[in-house]
4 protein chains.
Amino acid sequence: MNFSGVFSPIPTPFDDRDGVDTARLKAALAKWVATPLSGFVVLGSNGEAALMDDFECDQAIVAARDAVPRDKAFIVGTGRESTQAAIKATKRAAEHGADAVLVRTPGFFKSQMTNDVFVRHYTAVADASPVPVLLYNFTAVTGVNLQPAAVARLATHPNIVGMKESGGDVAQVADLVSLTPPGFAVLAGSAATLYPMMCVGAVGGILALANALPEPCVRLFELARAGKHDEALALQRELVPVARLLGAMHGVPGLKAALNLLGYDVGVPRPPLLPLSESIVPALREALAHFEEMPA
Amino acid sequence: MNFSGVFSPIPTPFDDRDGVDTARLKAALAKWVATPLSGFVVLGSNGEAALMDDFECDQAIVAARDAVPRDKAFIVGTGRESTQAAIKATKRAAEHGADAVLVRTPGFFKSQMTNDVFVRHYTAVADASPVPVLLYNFTAVTGVNLQPAAVARLATHPNIVGMKESGGDVAQVADLVSLTPPGFAVLAGSAATLYPMMCVGAVGGILALANALPEPCVRLFELARAGKHDEALALQRELVPVARLLGAMHGVPGLKAALNLLGYDVGVPRPPLLPLSESIVPALREALAHFEEMPA
Amino acid sequence: MNFSGVFSPIPTPFDDRDGVDTARLKAALAKWVATPLSGFVVLGSNGEAALMDDFECDQAIVAARDAVPRDKAFIVGTGRESTQAAIKATKRAAEHGADAVLVRTPGFFKSQMTNDVFVRHYTAVADASPVPVLLYNFTAVTGVNLQPAAVARLATHPNIVGMKESGGDVAQVADLVSLTPPGFAVLAGSAATLYPMMCVGAVGGILALANALPEPCVRLFELARAGKHDEALALQRELVPVARLLGAMHGVPGLKAALNLLGYDVGVPRPPLLPLSESIVPALREALAHFEEMPA
Amino acid sequence: MNFSGVFSPIPTPFDDRDGVDTARLKAALAKWVATPLSGFVVLGSNGEAALMDDFECDQAIVAARDAVPRDKAFIVGTGRESTQAAIKATKRAAEHGADAVLVRTPGFFKSQMTNDVFVRHYTAVADASPVPVLLYNFTAVTGVNLQPAAVARLATHPNIVGMKESGGDVAQVADLVSLTPPGFAVLAGSAATLYPMMCVGAVGGILALANALPEPCVRLFELARAGKHDEALALQRELVPVARLLGAMHGVPGLKAALNLLGYDVGVPRPPLLPLSESIVPALREALAHFEEMPA
């Protein structure tokens, strides 16, 4: 299993009764699998997994697994606050066909989350997991930082194969790459940082924007991998504003609104999240239109 | 139902297989119900609810309800990230005999947590709840702040009867009290702030320290309520250091270690939390010993 | 010298050429000295000292000293980033007649500002100062926290007589009071927190609001000191909103706008600070009008 | 004047009486001017300008100007909290021969520092400055962020020619480059981020590490500029740990200790800064030794 490439953390559509809408999930995936994306993450932050219960998580995994062909990576988000819950979610995901799991750090008990705590937590998950484990650091959401020193220790575990780093601190990513073995896959967490993160050794990204603009994101990856730096830089600059609109600025409401504009029919976020304010939609439409006209 | 008084957010004992230990939970409660505490919160932050699944939550509620007499308030923590999950947990708690629920703010999607989002979330929960709802703001854990302006709007709901504020900002508590009707119960979230919070209008507290030192905490409350300010101040000062040891500094590991020292047999925290480092225990023992010798 | 009471950190008027306007400074002080305030701080944060050079500081000190009678405390802000500059400013202030100095923590090199660094800095200043020294912690501005443990060490210095704590964390103030000797004067840094801070042992405050509403601030102090807690609480609640308007929300621009409304003629802030937006003035006027009608 | 390249923000040596030691400053510069560095910044953050008065600043400028040949850029840090002080410092620096000034954002009155305030401040400085102005954003120190939207407005000023961005957020740098005209020079603020920042369009850096390791830093710049990405990446990775040691971890004490080890004789930091703890020196020595053996 190769974790180099561009992966999209897909959203979860909900139906009129606020349940998981597996039909719309499959319909959206049918479109995504036709793109050059390397694979998919279900139940990531953008999948609103934090708002779903275990049964709903299983529904989403089973439906998505059904829709993703074997030549695309199928990754499931299984981070939980307790070690035992993360292990259970990981085992369930593997039973349902996950190729790998993406395990966000716990963060509720912030003052207790030392390097040692993280090493024990992830070691226990990786020991128990039937499939490879990807670490996941998302400080802006969790309020804790999985430091390179802890990752260096974890990267020696045979079942821990990589990491998604959603922070923008490129020096931390350079550190991560330096402190981990060559095969350890460091993945960028935002299209706004993909190219510079690849410059310091990231091998791809799990990018919310890749749901909306898969071709440009994959093109950026290919340009960076091929060492076509001038073209990569030009494309990176074009992607930064729209990546910010769908990411840091408007989050899941922005992502779902963008996808609906592009014909993906993914509905609205689950409460307490509100749909994107109508006043933002024109700016979103304009930002996306720019890329629709670009050659693939 | 009167929410004035001192309530303890009880810890959840786990057994050797890392399951909920209802026997030890009942045994500990049997001791606590003999104290002058006004009531109990199960499944709060200190109850490690963030580390438990729905079934385990039900186990803890049922066992605790069994052990708490009707003349003590029995409050259940039912905060969840999604509105529908918070409603389900609230209804279950009510079915199992909760007198009220304590609902922590969602906080995962931080940038989206506006006043409007909080008002919709809590209004939906309160509309659906068979029992009174207490709001719960814990910025240090959630990374979001339930502002007085939002609370002012929510306090007009007939089923929202009060709030626990775990932050130390006494001006915010003064604001809360000013902006809410007289019967709205503002409760301090730490024994380190109980007396000054009562000075600006809080009517009690939900205090981790009250698990370990119920009498001194209740005495502080009584002194403050009776307007015996000099004595209250003297006792408040004595309580600040030990409140910090069990609270901000060592969290659940500190609380459970303290209770084990005092004979409560509540075991160790659930992983990824680690037991309190042995090197801290002597300081904890000394801080507690000071109060054991004090007259009740 | 007794540092119990209410002190106002006076603003510095600037003239049309953006120089210190000593005439207007004296005129404003002539009004303030007729109020029941216990004394004044020149060149505090609200005095825009951070925007003034040493010569201008001397101008302001000399003019203010001239206008303040000997029965009011005359305190000068002399905090600087370097120890030697803080010492020089302190000596100059003493030469010009300061009764005491208020020395804000350095904070530029945040990661280096350990307890030891603070203890050395303040010890050197206090050793060199001809007048008593008040410590000053203002984390929201400096980004560093002068912790109670460091204050406890400094409070043993015979020339360090008290501290202004501008943070809202009432537990930290309770800690400060507990860890320092009885004569050490802890002063609140905001009218929004004066009463609860006094409940835990503060002996007064240095309050921006006291420039605009000296009588209500002094009345609150007197009520708290006399143990008239119900009345203190009622007045504290009334003062919180206007204290926030002039403090955390609108800063120096808000304070100067309020004073101009009240007839103090203190002009506009020095650039880069902008005058208060006109759109805020009506709310400010209304908040102040409430107190004009109150009995003194 | 071309601001592409590697510049070092030189430290200021102090003598036994804690005065500016111009002789040692010149001696150190005599060594630095023989390196391939493109130029020097005096009175930057690393120059401890925050701890110096105006007269001392003049001393340092005059001494350094004397030691820097005309074919190296000679840049002076002139950021001040007030607009008028920044203008005065800028004019003095120009009179003393500065080729350009580097103007850190004000940050004391954090809540008032809006985009409009920054635009007015820098426009006033640039209007008055006889020499080109470089903006300087250092959020970790100032607590405020000079956002790309404000920089975009300022970059149209004919006398504002570039910016030093000391944050590690590579997406913000990509934004800066996208929103400013081609000739606007964006410079990295840390050797830990130089290569990835150049990947997104930075044209060089002002790097504390360049004081200690000028050749490796310049080599990294040259590799990045020449599009030798594999070699640049390899060198970047080697530099990250030592850049962190001298930068975020140990600040000016770390930088001065490193330079003393390398024979530069720059003395110790000015109080309240303490010299680097002796316990850190061996790690510093080892980190530096690695590069001494590398081919230049």
# chains A, B, ... in the order shown; residues from 1 in each chain; ligands from 1

call {"tool": "closest_atom_pairs", "arguments": {"of": "chain C", "to": "chain D", "cutoff": "9 Å", "atoms": "only C-alpha atoms", "output": "tab-separated table"}}
result
residue	atom	partner	partner_atom	distance
C:Asp18	CA	D:Gln84	CA	8.5
C:Ser45	CA	D:Phe109	CA	8.7
C:Ala50	CA	D:Glu81	CA	6.5
C:Leu51	CA	D:Ser82	CA	4.7
C:Met52	CA	D:Ser82	CA	7.4
C:Asp53	CA	D:Ala85	CA	7.8
C:Arg80	CA	D:Leu51	CA	8.0
C:Glu81	CA	D:Leu51	CA	5.6
C:Ser82	CA	D:Leu51	CA	4.7
C:Thr83	CA	D:Pro272	CA	5.5
C:Gln84	CA	D:Pro271	CA	7.5
C:Ala85	CA	D:Leu51	CA	7.7
C:Pro106	CA	D:Pro272	CA	8.1
C:Gly107	CA	D:Val141	CA	8.4
C:Phe108	CA	D:Val141	CA	6.0
C:Phe109	CA	D:Val141	CA	6.8
C:Lys110	CA	D:Val141	CA	6.7
C:Ser111	CA	D:Met249	CA	7.6
C:Gln112	CA	D:Leu273	CA	6.9
C:Met113	CA	D:Leu273	CA	7.9
C:Val117	CA	D:Pro272	CA	6.0
C:Phe118	CA	D:Pro272	CA	7.5
C:Arg120	CA	D:Pro272	CA	7.1
C:His121	CA	D:Pro272	CA	5.5
C:Ala140	CA	D:Lys110	CA	8.3
C:Val141	CA	D:Phe108	CA	6.0
C:Thr142	CA	D:Phe108	CA	7.4
C:Gly143	CA	D:Gly143	CA	7.3
C:Ala248	CA	D:Ser111	CA	7.8
C:Met249	CA	D:Ser111	CA	7.6
C:His250	CA	D:Gln112	CA	7.5
C:Gly251	CA	D:Gln112	CA	7.5
C:Val252	CA	D:Phe109	CA	8.5
C:Pro253	CA	D:Gln112	CA	8.7
C:Arg270	CA	D:Ser82	CA	7.2
C:Pro271	CA	D:Thr83	CA	5.6
C:Pro272	CA	D:His121	CA	5.5
C:Leu273	CA	D:Val117	CA	6.9
C:Leu274	CA	D:Val117	CA	7.1

call {"tool": "select_by_dssp", "arguments": {"residues": "region 100-288 of chain C", "states": "alpha helix (DSSP H)", "output": "PyMOL selection string"}}
result
chain C and resi 115-128+139-142+148-154+170-179+194-199+209-212+214-225+229-244+251-261+281-288

call {"tool": "select_by_dssp", "arguments": {"residues": "region 116-231 of chain A", "states": "strand (DSSP E)", "output": "JSON list (two decimals) with N, CA, C and O atoms, in the first residue's frame"}}
result
[["chain", "number", "residue", "atom", "x", "y", "z"],
["A", 133, "VAL", "N", -1.64, 2.01, 10.16],
["A", 133, "VAL", "CA", -2.13, 3.17, 10.89],
["A", 133, "VAL", "C", -1.42, 4.44, 10.40],
["A", 133, "VAL", "O", -0.19, 4.45, 10.28],
["A", 134, "LEU", "N", -2.21, 5.47, 10.14],
["A", 134, "LEU", "CA", -1.68, 6.81, 9.87],
["A", 134, "LEU", "C", -1.99, 7.70, 11.06],
["A", 134, "LEU", "O", -3.14, 7.79, 11.50],
["A", 135, "LEU", "N", -0.98, 8.38, 11.59],
["A", 135, "LEU", "CA", -1.18, 9.35, 12.66],
["A", 135, "LEU", "C", -1.86, 10.60, 12.08],
["A", 135, "LEU", "O", -1.81, 10.83, 10.88],
["A", 136, "TYR", "N", -2.44, 11.39, 12.95],
["A", 136, "TYR", "CA", -3.16, 12.57, 12.45],
["A", 136, "TYR", "C", -3.07, 13.68, 13.50],
["A", 136, "TYR", "O", -3.59, 13.54, 14.60],
["A", 137, "ASN", "N", -2.40, 14.74, 13.12],
["A", 137, "ASN", "CA", -2.23, 15.90, 14.01],
["A", 137, "ASN", "C", -3.01, 17.08, 13.46],
["A", 137, "ASN", "O", -2.77, 17.52, 12.34],
["A", 160, "ILE", "N", 2.78, 1.51, 11.86],
["A", 160, "ILE", "CA", 2.52, 2.95, 11.73],
["A", 160, "ILE", "C", 3.29, 3.43, 10.51],
["A", 160, "ILE", "O", 4.52, 3.46, 10.51],
["A", 161, "VAL", "N", 2.55, 3.82, 9.49],
["A", 161, "VAL", "CA", 3.18, 3.98, 8.18],
["A", 161, "VAL", "C", 3.22, 5.41, 7.69],
["A", 161, "VAL", "O", 3.81, 5.69, 6.64],
["A", 162, "GLY", "N", 2.59, 6.32, 8.43],
["A", 162, "GLY", "CA", 2.60, 7.69, 7.94],
["A", 162, "GLY", "C", 1.82, 8.61, 8.85],
["A", 162, "GLY", "O", 1.42, 8.23, 9.96],
["A", 163, "MET", "N", 1.58, 9.82, 8.38],
["A", 163, "MET", "CA", 0.98, 10.84, 9.21],
["A", 163, "MET", "C", 0.38, 11.95, 8.35],
["A", 163, "MET", "O", 0.96, 12.35, 7.34],
["A", 164, "LYS", "N", -0.78, 12.41, 8.78],
["A", 164, "LYS", "CA", -1.35, 13.62, 8.20],
["A", 164, "LYS", "C", -1.09, 14.77, 9.17],
["A", 164, "LYS", "O", -1.46, 14.69, 10.35],
["A", 165, "GLU", "N", -0.46, 15.83, 8.67],
["A", 165, "GLU", "CA", -0.18, 17.01, 9.49],
["A", 165, "GLU", "C", -1.01, 18.17, 8.93],
["A", 165, "GLU", "O", -0.75, 18.66, 7.84],
["A", 185, "ALA", "N", 5.25, 7.99, 5.45],
["A", 185, "ALA", "CA", 4.59, 8.92, 4.54],
["A", 185, "ALA", "C", 4.02, 10.11, 5.28],
["A", 185, "ALA", "O", 3.03, 9.99, 6.00],
["A", 186, "VAL", "N", 4.64, 11.27, 5.11],
["A", 186, "VAL", "CA", 4.09, 12.50, 5.69],
["A", 186, "VAL", "C", 3.18, 13.15, 4.65],
["A", 186, "VAL", "O", 3.59, 13.37, 3.50],
["A", 187, "LEU", "N", 1.94, 13.43, 5.05],
["A", 187, "LEU", "CA", 0.94, 13.97, 4.14],
["A", 187, "LEU", "C", 0.48, 15.34, 4.61],
["A", 187, "LEU", "O", 0.20, 15.54, 5.80],
["A", 188, "ALA", "N", 0.39, 16.28, 3.68],
["A", 188, "ALA", "CA", -0.10, 17.62, 4.00],
["A", 188, "ALA", "C", -1.60, 17.55, 4.28],
["A", 188, "ALA", "O", -2.31, 16.70, 3.74],
["A", 204, "GLY", "N", 2.51, 13.75, -0.40],
["A", 204, "GLY", "CA", 1.14, 13.92, -0.90],
["A", 204, "GLY", "C", 0.32, 14.66, 0.13],
["A", 204, "GLY", "O", 0.87, 15.33, 1.01],
["A", 205, "GLY", "N", -1.00, 14.51, 0.00],
["A", 205, "GLY", "CA", -1.86, 15.22, 0.92],
["A", 205, "GLY", "C", -3.25, 14.63, 1.01],
["A", 205, "GLY", "O", -3.70, 13.93, 0.10],
["A", 206, "ILE", "N", -3.88, 14.87, 2.12],
["A", 206, "ILE", "CA", -5.30, 14.55, 2.31],
["A", 206, "ILE", "C", -5.99, 15.90, 2.37],
["A", 206, "ILE", "O", -5.88, 16.62, 3.38]]

call {"tool": "atom_distance", "arguments": {"atom1": "CA of Gly267 (chain B)", "atom2": "CA of Asn211 (chain B)"}}
result
14.3 Å

call {"tool": "atom_distance", "arguments": {"atom1": "CA of Ala150 (chain D)", "atom2": "CA of Val281 (chain A)"}}
result
23.9 Å

call {"tool": "residues_around", "arguments": {"residues": "Ala283 (chain D)", "least_positions_apart": "3", "cutoff": "12 Å", "atoms": "only C-alpha atoms", "output": "PyMOL selection string"}}
result
chain D and resi 241-242+245-246+250+254+257-258+261+276-280+286-290

call {"tool": "write_last_selection", "arguments": {"atoms": "all heavy atoms", "output": "short mmCIF file (atom, residue, chain, number, x, y, z; two decimals), in the first residue's frame"}}
result
data_model
loop_
_atom_site.label_atom_id
_atom_site.label_comp_id
_atom_site.auth_asym_id
_atom_site.auth_seq_id
_atom_site.Cartn_x
_atom_site.Cartn_y
_atom_site.Cartn_z
N PRO D 241 17.24 21.39 12.70
CA PRO D 241 17.47 21.27 14.15
C PRO D 241 18.31 22.41 14.73
O PRO D 241 17.98 22.95 15.78
CB PRO D 241 18.19 19.92 14.29
CG PRO D 241 17.86 19.17 13.03
CD PRO D 241 17.70 20.21 11.96
N VAL D 242 19.38 22.78 14.05
CA VAL D 242 20.24 23.83 14.61
C VAL D 242 19.54 25.20 14.51
O VAL D 242 19.68 26.05 15.39
CB VAL D 242 21.64 23.82 13.94
CG1 VAL D 242 21.57 24.23 12.49
CG2 VAL D 242 22.61 24.72 14.71
N LEU D 245 17.42 25.33 17.54
CA LEU D 245 18.22 25.53 18.77
C LEU D 245 18.53 27.01 18.98
O LEU D 245 18.41 27.54 20.08
CB LEU D 245 19.54 24.76 18.67
CG LEU D 245 19.60 23.34 19.20
CD1 LEU D 245 20.99 22.79 19.01
CD2 LEU D 245 19.22 23.28 20.68
N LEU D 246 18.96 27.67 17.91
CA LEU D 246 19.34 29.08 18.02
C LEU D 246 18.13 30.01 17.97
O LEU D 246 18.25 31.18 18.32
CB LEU D 246 20.29 29.46 16.88
CG LEU D 246 21.77 29.28 17.14
CD1 LEU D 246 22.12 27.82 17.21
CD2 LEU D 246 22.56 29.97 16.05
N HIS D 250 16.09 28.77 22.15
CA HIS D 250 16.97 29.49 23.07
C HIS D 250 17.17 30.96 22.74
O HIS D 250 17.90 31.66 23.45
CB HIS D 250 18.31 28.76 23.19
CG HIS D 250 18.16 27.36 23.69
ND1 HIS D 250 17.63 27.08 24.93
CD2 HIS D 250 18.39 26.17 23.11
CE1 HIS D 250 17.59 25.78 25.10
NE2 HIS D 250 18.03 25.19 24.01
N GLY D 254 20.81 31.77 23.06
CA GLY D 254 21.34 30.67 22.25
C GLY D 254 22.20 31.18 21.11
O GLY D 254 23.28 30.63 20.83
N ALA D 257 25.54 32.51 22.51
CA ALA D 257 26.39 31.40 22.95
C ALA D 257 27.00 30.69 21.75
O ALA D 257 28.19 30.33 21.75
CB ALA D 257 25.57 30.43 23.81
N ALA D 258 26.20 30.49 20.72
CA ALA D 258 26.71 29.81 19.52
C ALA D 258 27.82 30.63 18.89
O ALA D 258 28.87 30.10 18.50
CB ALA D 258 25.58 29.59 18.53
N LEU D 261 31.03 30.37 20.76
CA LEU D 261 31.68 29.09 20.47
C LEU D 261 32.43 29.15 19.15
O LEU D 261 33.48 28.52 18.98
CB LEU D 261 30.63 27.97 20.40
CG LEU D 261 30.01 27.49 21.71
CD1 LEU D 261 28.93 26.46 21.43
CD2 LEU D 261 31.08 26.90 22.63
N LEU D 276 22.91 31.87 28.13
CA LEU D 276 22.44 30.50 27.94
C LEU D 276 22.94 29.61 29.08
O LEU D 276 24.09 29.70 29.49
CB LEU D 276 22.97 29.94 26.61
CG LEU D 276 22.39 28.58 26.21
CD1 LEU D 276 20.93 28.74 25.78
CD2 LEU D 276 23.19 27.95 25.08
N SER D 277 22.05 28.77 29.56
CA SER D 277 22.45 27.82 30.60
C SER D 277 23.60 26.94 30.11
O SER D 277 23.59 26.45 28.99
CB SER D 277 21.23 26.95 30.96
OG SER D 277 21.66 25.79 31.64
N GLU D 278 24.57 26.74 30.99
CA GLU D 278 25.73 25.92 30.62
C GLU D 278 25.32 24.52 30.17
O GLU D 278 26.00 23.88 29.37
CB GLU D 278 26.69 25.81 31.81
CG GLU D 278 27.54 27.05 32.06
CD GLU D 278 28.46 27.36 30.89
OE1 GLU D 278 28.97 26.41 30.26
OE2 GLU D 278 28.66 28.56 30.60
N SER D 279 24.22 24.05 30.71
CA SER D 279 23.80 22.67 30.40
C SER D 279 23.40 22.50 28.93
O SER D 279 23.33 21.39 28.43
CB SER D 279 22.63 22.28 31.30
OG SER D 279 21.51 23.09 31.01
N ILE D 280 23.14 23.61 28.25
CA ILE D 280 22.72 23.52 26.84
C ILE D 280 23.92 23.55 25.90
O ILE D 280 23.85 23.11 24.75
CB ILE D 280 21.79 24.69 26.48
CG1 ILE D 280 20.68 24.89 27.52
CG2 ILE D 280 21.18 24.52 25.11
CD1 ILE D 280 19.70 23.77 27.57
N GLU D 286 27.71 20.53 19.53
CA GLU D 286 27.61 19.38 18.64
C GLU D 286 26.86 19.74 17.36
O GLU D 286 27.25 19.35 16.26
CB GLU D 286 26.88 18.25 19.38
CG GLU D 286 26.86 16.95 18.60
CD GLU D 286 26.10 15.86 19.35
OE1 GLU D 286 25.57 16.15 20.46
OE2 GLU D 286 26.01 14.75 18.84
N ALA D 287 25.76 20.50 17.53
CA ALA D 287 24.96 20.85 16.36
C ALA D 287 25.78 21.70 15.39
O ALA D 287 25.66 21.56 14.16
CB ALA D 287 23.71 21.60 16.80
N LEU D 288 26.60 22.58 15.94
CA LEU D 288 27.41 23.45 15.08
C LEU D 288 28.56 22.69 14.44
O LEU D 288 28.92 22.93 13.27
CB LEU D 288 27.96 24.62 15.90
CG LEU D 288 26.91 25.60 16.42
CD1 LEU D 288 27.52 26.51 17.47
CD2 LEU D 288 26.32 26.42 15.27
N ALA D 289 29.16 21.77 15.21
CA ALA D 289 30.33 21.04 14.72
C ALA D 289 30.00 20.29 13.44
O ALA D 289 30.83 20.18 12.53
CB ALA D 289 30.83 20.07 15.79
N HIS D 290 28.81 19.80 13.36
CA HIS D 290 28.37 19.08 12.17
C HIS D 290 28.61 19.90 10.90
O HIS D 290 29.01 19.36 9.86
CB HIS D 290 26.88 18.77 12.33
CG HIS D 290 26.26 18.18 11.11
ND1 HIS D 290 26.58 16.93 10.64
CD2 HIS D 290 25.33 18.69 10.25
CE1 HIS D 290 25.88 16.68 9.55
NE2 HIS D 290 25.12 17.73 9.29
#

call {"tool": "residues_around", "arguments": {"residues": "Val203 (chain A)", "least_positions_apart": "4", "cutoff": "10 Å", "atoms": "only C-alpha atoms", "output": "PyMOL selection string"}}
result
chain A and resi 2-6+162+177+183-188+194-195+197-199+221+224-225

call {"tool": "atom_distance", "arguments": {"atom1": "CA of Ser178 (chain C)", "atom2": "CA of Gly167 (chain B)"}}
result
20.4 Å

call {"tool": "decode", "arguments": {"residues": "region 52-68 of chain D", "atoms": "N, CA and C atoms", "output": "PDB file, in the first residue's frame"}}
result
ATOM      1  N   MET D  52      17.375  48.493  23.974  1.00  0.00           N
ATOM      2  CA  MET D  52      18.317  49.606  23.806  1.00  0.00           C
ATOM      3  C   MET D  52      17.582  50.933  23.667  1.00  0.00           C
ATOM      4  N   ASP D  53      18.260  52.019  24.087  1.00  0.00           N
ATOM      5  CA  ASP D  53      17.634  53.333  23.916  1.00  0.00           C
ATOM      6  C   ASP D  53      18.101  53.969  22.601  1.00  0.00           C
ATOM      7  N   ASP D  54      17.551  55.123  22.303  1.00  0.00           N
ATOM      8  CA  ASP D  54      17.796  55.719  20.995  1.00  0.00           C
ATOM      9  C   ASP D  54      19.275  56.044  20.774  1.00  0.00           C
ATOM     10  N   PHE D  55      19.928  56.515  21.817  1.00  0.00           N
ATOM     11  CA  PHE D  55      21.333  56.844  21.675  1.00  0.00           C
ATOM     12  C   PHE D  55      22.158  55.596  21.364  1.00  0.00           C
ATOM     13  N   GLU D  56      21.873  54.528  22.084  1.00  0.00           N
ATOM     14  CA  GLU D  56      22.584  53.274  21.839  1.00  0.00           C
ATOM     15  C   GLU D  56      22.302  52.745  20.434  1.00  0.00           C
ATOM     16  N   CYS D  57      21.074  52.933  19.980  1.00  0.00           N
ATOM     17  CA  CYS D  57      20.746  52.522  18.616  1.00  0.00           C
ATOM     18  C   CYS D  57      21.627  53.281  17.623  1.00  0.00           C
ATOM     19  N   ASP D  58      21.748  54.575  17.827  1.00  0.00           N
ATOM     20  CA  ASP D  58      22.606  55.365  16.943  1.00  0.00           C
ATOM     21  C   ASP D  58      24.045  54.857  16.978  1.00  0.00           C
ATOM     22  N   GLN D  59      24.537  54.577  18.178  1.00  0.00           N
ATOM     23  CA  GLN D  59      25.897  54.037  18.296  1.00  0.00           C
ATOM     24  C   GLN D  59      26.083  52.774  17.452  1.00  0.00           C
ATOM     25  N   ALA D  60      25.122  51.877  17.578  1.00  0.00           N
ATOM     26  CA  ALA D  60      25.237  50.607  16.863  1.00  0.00           C
ATOM     27  C   ALA D  60      25.156  50.822  15.352  1.00  0.00           C
ATOM     28  N   ILE D  61      24.267  51.727  14.927  1.00  0.00           N
ATOM     29  CA  ILE D  61      24.126  51.972  13.486  1.00  0.00           C
ATOM     30  C   ILE D  61      25.426  52.541  12.925  1.00  0.00           C
ATOM     31  N   VAL D  62      25.945  53.559  13.603  1.00  0.00           N
ATOM     32  CA  VAL D  62      27.145  54.219  13.088  1.00  0.00           C
ATOM     33  C   VAL D  62      28.319  53.240  13.024  1.00  0.00           C
ATOM     34  N   ALA D  63      28.474  52.454  14.080  1.00  0.00           N
ATOM     35  CA  ALA D  63      29.591  51.505  14.101  1.00  0.00           C
ATOM     36  C   ALA D  63      29.435  50.455  13.006  1.00  0.00           C
ATOM     37  N   ALA D  64      28.236  49.969  12.851  1.00  0.00           N
ATOM     38  CA  ALA D  64      28.019  48.910  11.865  1.00  0.00           C
ATOM     39  C   ALA D  64      28.169  49.450  10.443  1.00  0.00           C
ATOM     40  N   ARG D  65      27.624  50.626  10.211  1.00  0.00           N
ATOM     41  CA  ARG D  65      27.729  51.245   8.882  1.00  0.00           C
ATOM     42  C   ARG D  65      29.201  51.344   8.474  1.00  0.00           C
ATOM     43  N   ASP D  66      30.006  51.696   9.426  1.00  0.00           N
ATOM     44  CA  ASP D  66      31.428  51.839   9.200  1.00  0.00           C
ATOM     45  C   ASP D  66      32.068  50.534   8.746  1.00  0.00           C
ATOM     46  N   ALA D  67      31.519  49.430   9.228  1.00  0.00           N
ATOM     47  CA  ALA D  67      32.154  48.128   9.005  1.00  0.00           C
ATOM     48  C   ALA D  67      31.576  47.390   7.806  1.00  0.00           C
ATOM     49  N   VAL D  68      30.478  47.884   7.265  1.00  0.00           N
ATOM     50  CA  VAL D  68      29.820  47.163   6.164  1.00  0.00           C
ATOM     51  C   VAL D  68      30.138  47.872   4.842  1.00  0.00           C
TER      52      VAL D  68
END
